[in-house]
Each structure stands twice: as structure tokens, then as C-alpha cells.
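Trainee: What follows is work.cif, made up of mmCIF, N, CA and C atoms:
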data_work
loop_
_atom_site.label_atom_id
_atom_site.label_comp_id
_atom_site.auth_asym_id
_atom_site.auth_seq_id
_atom_site.Cartn_x
_atom_site.Cartn_y
_atom_site.Cartn_z
N MET D 1 72.01 109.22 -245.91
CA MET D 1 72.51 110.59 -245.86
C MET D 1 73.88 110.63 -245.19
N GLU D 2 74.67 111.54 -245.66
CA GLU D 2 76.03 111.68 -245.15
C GLU D 2 76.04 112.06 -243.68
N GLY D 3 76.89 111.45 -242.92
CA GLY D 3 77.03 111.81 -241.50
C GLY D 3 75.87 111.40 -240.63
N GLY D 4 74.93 110.65 -241.18
CA GLY D 4 73.80 110.19 -240.39
C GLY D 4 72.78 111.27 -240.05
N HIS D 5 72.90 112.43 -240.65
CA HIS D 5 71.93 113.50 -240.40
C HIS D 5 70.75 113.35 -241.33
N GLN D 6 69.57 113.50 -240.79
CA GLN D 6 68.36 113.42 -241.60
C GLN D 6 67.86 114.84 -241.82
N MET D 7 67.50 115.15 -243.05
CA MET D 7 66.98 116.47 -243.34
C MET D 7 65.47 116.37 -243.47
N TYR D 8 64.78 117.23 -242.75
CA TYR D 8 63.33 117.25 -242.83
C TYR D 8 62.92 118.46 -243.65
N ILE D 9 62.14 118.21 -244.69
CA ILE D 9 61.69 119.29 -245.54
C ILE D 9 60.24 119.61 -245.17
N THR D 10 60.02 120.83 -244.74
CA THR D 10 58.66 121.21 -244.38
C THR D 10 58.13 122.32 -245.28
N ASP D 11 58.97 122.89 -246.11
CA ASP D 11 58.51 123.93 -247.01
C ASP D 11 57.64 123.30 -248.10
N PHE D 12 56.41 123.74 -248.18
CA PHE D 12 55.45 123.11 -249.09
C PHE D 12 55.91 123.15 -250.55
N ALA D 13 56.48 124.27 -250.98
CA ALA D 13 56.93 124.39 -252.36
C ALA D 13 58.02 123.36 -252.67
N GLU D 14 58.93 123.14 -251.73
CA GLU D 14 59.99 122.15 -251.94
C GLU D 14 59.41 120.74 -251.98
N LEU D 15 58.50 120.47 -251.06
CA LEU D 15 57.85 119.16 -251.03
C LEU D 15 57.11 118.90 -252.34
N ALA D 16 56.38 119.91 -252.80
CA ALA D 16 55.61 119.77 -254.03
C ALA D 16 56.55 119.47 -255.20
N GLU D 17 57.66 120.19 -255.25
CA GLU D 17 58.62 119.99 -256.34
C GLU D 17 59.18 118.56 -256.33
N ILE D 18 59.52 118.09 -255.16
CA ILE D 18 60.05 116.72 -255.02
C ILE D 18 59.01 115.70 -255.46
N MET D 19 57.78 115.86 -254.98
CA MET D 19 56.74 114.89 -255.31
C MET D 19 56.36 114.95 -256.79
N MET D 20 56.39 116.15 -257.37
CA MET D 20 56.10 116.28 -258.80
C MET D 20 57.15 115.51 -259.61
N LYS D 21 58.42 115.64 -259.23
CA LYS D 21 59.48 114.92 -259.93
C LYS D 21 59.32 113.41 -259.74
N ARG D 22 59.06 113.02 -258.49
CA ARG D 22 58.94 111.60 -258.17
C ARG D 22 57.79 110.95 -258.94
N LYS D 23 56.69 111.67 -259.07
CA LYS D 23 55.50 111.10 -259.71
C LYS D 23 55.37 111.51 -261.18
N ASN D 24 56.37 112.25 -261.67
CA ASN D 24 56.36 112.72 -263.06
C ASN D 24 55.08 113.52 -263.36
N ILE D 25 54.76 114.45 -262.47
CA ILE D 25 53.59 115.31 -262.61
C ILE D 25 54.07 116.71 -262.95
N LEU D 26 53.48 117.30 -263.96
CA LEU D 26 53.85 118.65 -264.38
C LEU D 26 52.90 119.67 -263.75
N LEU D 27 53.34 120.92 -263.74
CA LEU D 27 52.51 121.99 -263.19
C LEU D 27 51.17 122.05 -263.91
N LYS D 28 51.19 121.83 -265.24
CA LYS D 28 49.93 121.87 -266.00
C LYS D 28 48.97 120.77 -265.54
N ASP D 29 49.52 119.64 -265.08
CA ASP D 29 48.68 118.55 -264.56
C ASP D 29 47.98 119.00 -263.28
N ILE D 30 48.73 119.69 -262.43
CA ILE D 30 48.16 120.19 -261.17
C ILE D 30 47.09 121.24 -261.48
N ALA D 31 47.42 122.16 -262.38
CA ALA D 31 46.46 123.22 -262.75
C ALA D 31 45.17 122.62 -263.29
N GLU D 32 45.32 121.60 -264.13
CA GLU D 32 44.16 120.92 -264.70
C GLU D 32 43.35 120.25 -263.60
N TYR D 33 44.04 119.61 -262.67
CA TYR D 33 43.37 118.89 -261.58
C TYR D 33 42.55 119.83 -260.69
N ILE D 34 43.13 121.01 -260.37
CA ILE D 34 42.41 121.93 -259.48
C ILE D 34 41.56 122.94 -260.26
N GLY D 35 41.66 122.93 -261.58
CA GLY D 35 40.82 123.78 -262.42
C GLY D 35 41.23 125.24 -262.43
N THR D 36 42.54 125.49 -262.42
CA THR D 36 43.03 126.87 -262.48
C THR D 36 44.11 126.97 -263.53
N SER D 37 44.65 128.17 -263.70
CA SER D 37 45.78 128.35 -264.61
C SER D 37 47.06 127.82 -263.95
N GLY D 38 48.05 127.55 -264.76
CA GLY D 38 49.35 127.12 -264.24
C GLY D 38 49.98 128.19 -263.37
N VAL D 39 49.81 129.45 -263.78
CA VAL D 39 50.38 130.56 -263.01
C VAL D 39 49.78 130.59 -261.61
N TYR D 40 48.45 130.47 -261.55
CA TYR D 40 47.78 130.50 -260.24
C TYR D 40 48.19 129.30 -259.39
N ALA D 41 48.26 128.12 -260.01
CA ALA D 41 48.67 126.91 -259.28
C ALA D 41 50.06 127.10 -258.68
N ARG D 42 50.99 127.65 -259.47
CA ARG D 42 52.35 127.90 -258.99
C ARG D 42 52.33 128.88 -257.82
N GLN D 43 51.51 129.93 -257.92
CA GLN D 43 51.43 130.93 -256.84
C GLN D 43 50.87 130.32 -255.56
N VAL D 44 49.92 129.40 -255.70
CA VAL D 44 49.37 128.71 -254.53
C VAL D 44 50.46 127.85 -253.88
N ILE D 45 51.16 127.09 -254.71
CA ILE D 45 52.22 126.20 -254.21
C ILE D 45 53.30 127.00 -253.49
N GLU D 46 53.68 128.14 -254.07
CA GLU D 46 54.75 128.96 -253.49
C GLU D 46 54.29 129.84 -252.35
N GLY D 47 52.99 129.87 -252.09
CA GLY D 47 52.48 130.64 -250.97
C GLY D 47 52.23 132.11 -251.25
N HIS D 48 52.23 132.48 -252.54
CA HIS D 48 51.98 133.88 -252.89
C HIS D 48 50.49 134.20 -252.88
N GLN D 49 49.66 133.18 -253.05
CA GLN D 49 48.21 133.36 -252.97
C GLN D 49 47.78 132.98 -251.55
N ARG D 50 46.97 133.83 -250.94
CA ARG D 50 46.51 133.56 -249.59
C ARG D 50 44.99 133.67 -249.52
N GLY D 51 44.44 133.15 -248.43
CA GLY D 51 43.00 133.22 -248.24
C GLY D 51 42.36 131.85 -248.35
N GLU D 52 41.05 131.84 -248.13
CA GLU D 52 40.33 130.56 -248.08
C GLU D 52 40.40 129.79 -249.39
N ARG D 53 40.27 130.49 -250.50
CA ARG D 53 40.28 129.81 -251.80
C ARG D 53 41.67 129.19 -252.05
N ALA D 54 42.71 129.95 -251.75
CA ALA D 54 44.07 129.43 -251.94
C ALA D 54 44.32 128.24 -251.02
N ASP D 55 43.83 128.32 -249.77
CA ASP D 55 43.98 127.21 -248.82
C ASP D 55 43.28 125.96 -249.36
N PHE D 56 42.09 126.15 -249.91
CA PHE D 56 41.33 125.03 -250.47
C PHE D 56 42.14 124.36 -251.59
N TYR D 57 42.69 125.17 -252.49
CA TYR D 57 43.49 124.62 -253.59
C TYR D 57 44.77 123.97 -253.08
N LYS D 58 45.37 124.56 -252.05
CA LYS D 58 46.61 124.00 -251.51
C LYS D 58 46.37 122.60 -250.95
N LEU D 59 45.25 122.40 -250.28
CA LEU D 59 44.91 121.08 -249.76
C LEU D 59 44.64 120.09 -250.89
N LYS D 60 43.97 120.56 -251.95
CA LYS D 60 43.72 119.69 -253.11
C LYS D 60 45.05 119.27 -253.74
N ILE D 61 45.99 120.22 -253.83
CA ILE D 61 47.30 119.93 -254.40
C ILE D 61 48.05 118.93 -253.51
N ALA D 62 47.97 119.15 -252.19
CA ALA D 62 48.62 118.23 -251.25
C ALA D 62 48.09 116.81 -251.44
N ASP D 63 46.78 116.68 -251.54
CA ASP D 63 46.17 115.36 -251.75
C ASP D 63 46.61 114.75 -253.08
N PHE D 64 46.62 115.56 -254.12
CA PHE D 64 46.99 115.10 -255.46
C PHE D 64 48.42 114.58 -255.50
N LEU D 65 49.31 115.23 -254.74
CA LEU D 65 50.73 114.85 -254.73
C LEU D 65 51.08 113.90 -253.60
N ASP D 66 50.09 113.46 -252.83
CA ASP D 66 50.32 112.59 -251.66
C ASP D 66 51.24 113.23 -250.63
N ILE D 67 51.00 114.52 -250.36
CA ILE D 67 51.74 115.23 -249.31
C ILE D 67 50.80 115.34 -248.11
N ASP D 68 51.33 115.04 -246.93
CA ASP D 68 50.52 115.15 -245.71
C ASP D 68 49.98 116.58 -245.61
N ARG D 69 48.67 116.69 -245.35
CA ARG D 69 48.02 118.00 -245.30
C ARG D 69 48.63 118.94 -244.26
N LYS D 70 49.30 118.40 -243.23
CA LYS D 70 49.87 119.27 -242.20
C LYS D 70 50.95 120.19 -242.79
N TYR D 71 51.56 119.78 -243.90
CA TYR D 71 52.60 120.61 -244.52
C TYR D 71 52.03 121.73 -245.36
N ALA D 72 50.72 121.72 -245.59
CA ALA D 72 50.10 122.77 -246.39
C ALA D 72 50.01 124.08 -245.60
N ASN D 73 50.11 123.99 -244.27
CA ASN D 73 50.07 125.19 -243.42
C ASN D 73 48.86 126.08 -243.70
N VAL D 74 47.70 125.46 -243.79
CA VAL D 74 46.50 126.27 -243.98
C VAL D 74 45.89 126.58 -242.62
N ARG D 75 45.15 127.69 -242.57
CA ARG D 75 44.64 128.17 -241.29
C ARG D 75 43.57 127.29 -240.69
N GLN D 76 42.70 126.74 -241.55
CA GLN D 76 41.63 125.93 -241.00
C GLN D 76 41.45 124.67 -241.82
N PRO D 77 41.02 123.59 -241.18
CA PRO D 77 40.74 122.38 -241.95
C PRO D 77 39.55 122.61 -242.86
N ILE D 78 39.60 122.09 -244.08
CA ILE D 78 38.51 122.29 -245.04
C ILE D 78 37.94 120.93 -245.40
#
Represent the structure contained in this file as C-alpha cells.

Mentor:
Amino acid sequence: MEGGHQMYITDFAELAEIMMKRKNILLKDIAEYIGTSGVYARQVIEGHQRGERADFYKLKIADFLDIDRKYANVRQPI
């Protein structure tokens, strides 16, 4: 990185996007994996869906994309 500065990305949506590109995974692949629509999967990733069910899916998505669960920012461990 330029100037020796390291950038830390903690926004889950950004992390998911990076990992999807890196692993060549499409939104439809994530939706299929968690058993929801692509629209719902995108809303979970972007944080528009809240609650226990959304948290559960967010952790499944984190695992699927090899993102540390701490970045999912869910209220309780599931």
C-alpha cells in the first residue's frame, strides 16, 4: 500500500464484495447456499434485514465466504 498505510475494512458488505470477487462467487450462489432469494441475501449482506433470522443468515454467509464472524456484527452468537 502507498505510504505504508494499511486499510482495515470492517464493513461487512465491503468484505463480502471483496471475498465474492476473490472466490468468484455470485450473489445467486450465496442465495442458493442459504436458501433464500438473491434480493433477500443482498439485503442481509447490506444490513437492511435485521433480527435473529437475518443474523443467522449473515453468519452462514460469513462462513461461506471465509469472513471472520466478528465482522458480521450480530447481536448474539448462534

Trainee: I'd like the neighbourhood of stretch 18-34 of chain D as a list in words, where a residue qualifies if any of its atoms comes within 10 Å (using only C-alpha atoms), though same-chain residues fewer than 5 positions away should be ignored.

Mentor: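 That gives Ile9, Phe12, Ala13, Val39, Tyr40, Ala41, Arg42, Ile45, Phe56, Tyr57, Lys58, Lys60, Ile61, Ala62, Phe64, Leu65, Asp66 and Ile67 of chain D.
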
Trainee: Around the point (41.8, 125.4, -251.1) (coordinates from the file), which residues reach within 12 Å if we count only C-alpha atoms? Answer as a PyMOL selection string.

Mentor: chain D and resi 34-36+41+44-45+47+49-63+69+72-78

Trainee: From the DSSP assignment of the backbone, select every residue of stretch 7-47 of chain D that is helix (DSSP H, G or I), and format the answer as a ChimeraX atom specification.

Mentor: /D:12-23,27-34,38-46

Trainee: Just the number, please: distance in Å from atom CA of D:Glu14 to atom CA of D:Ser37, one decimal.

Mentor: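 Spanning atom CA of D:Glu14 to atom CA of D:Ser37 is a straight-line distance of 20.0 Å.
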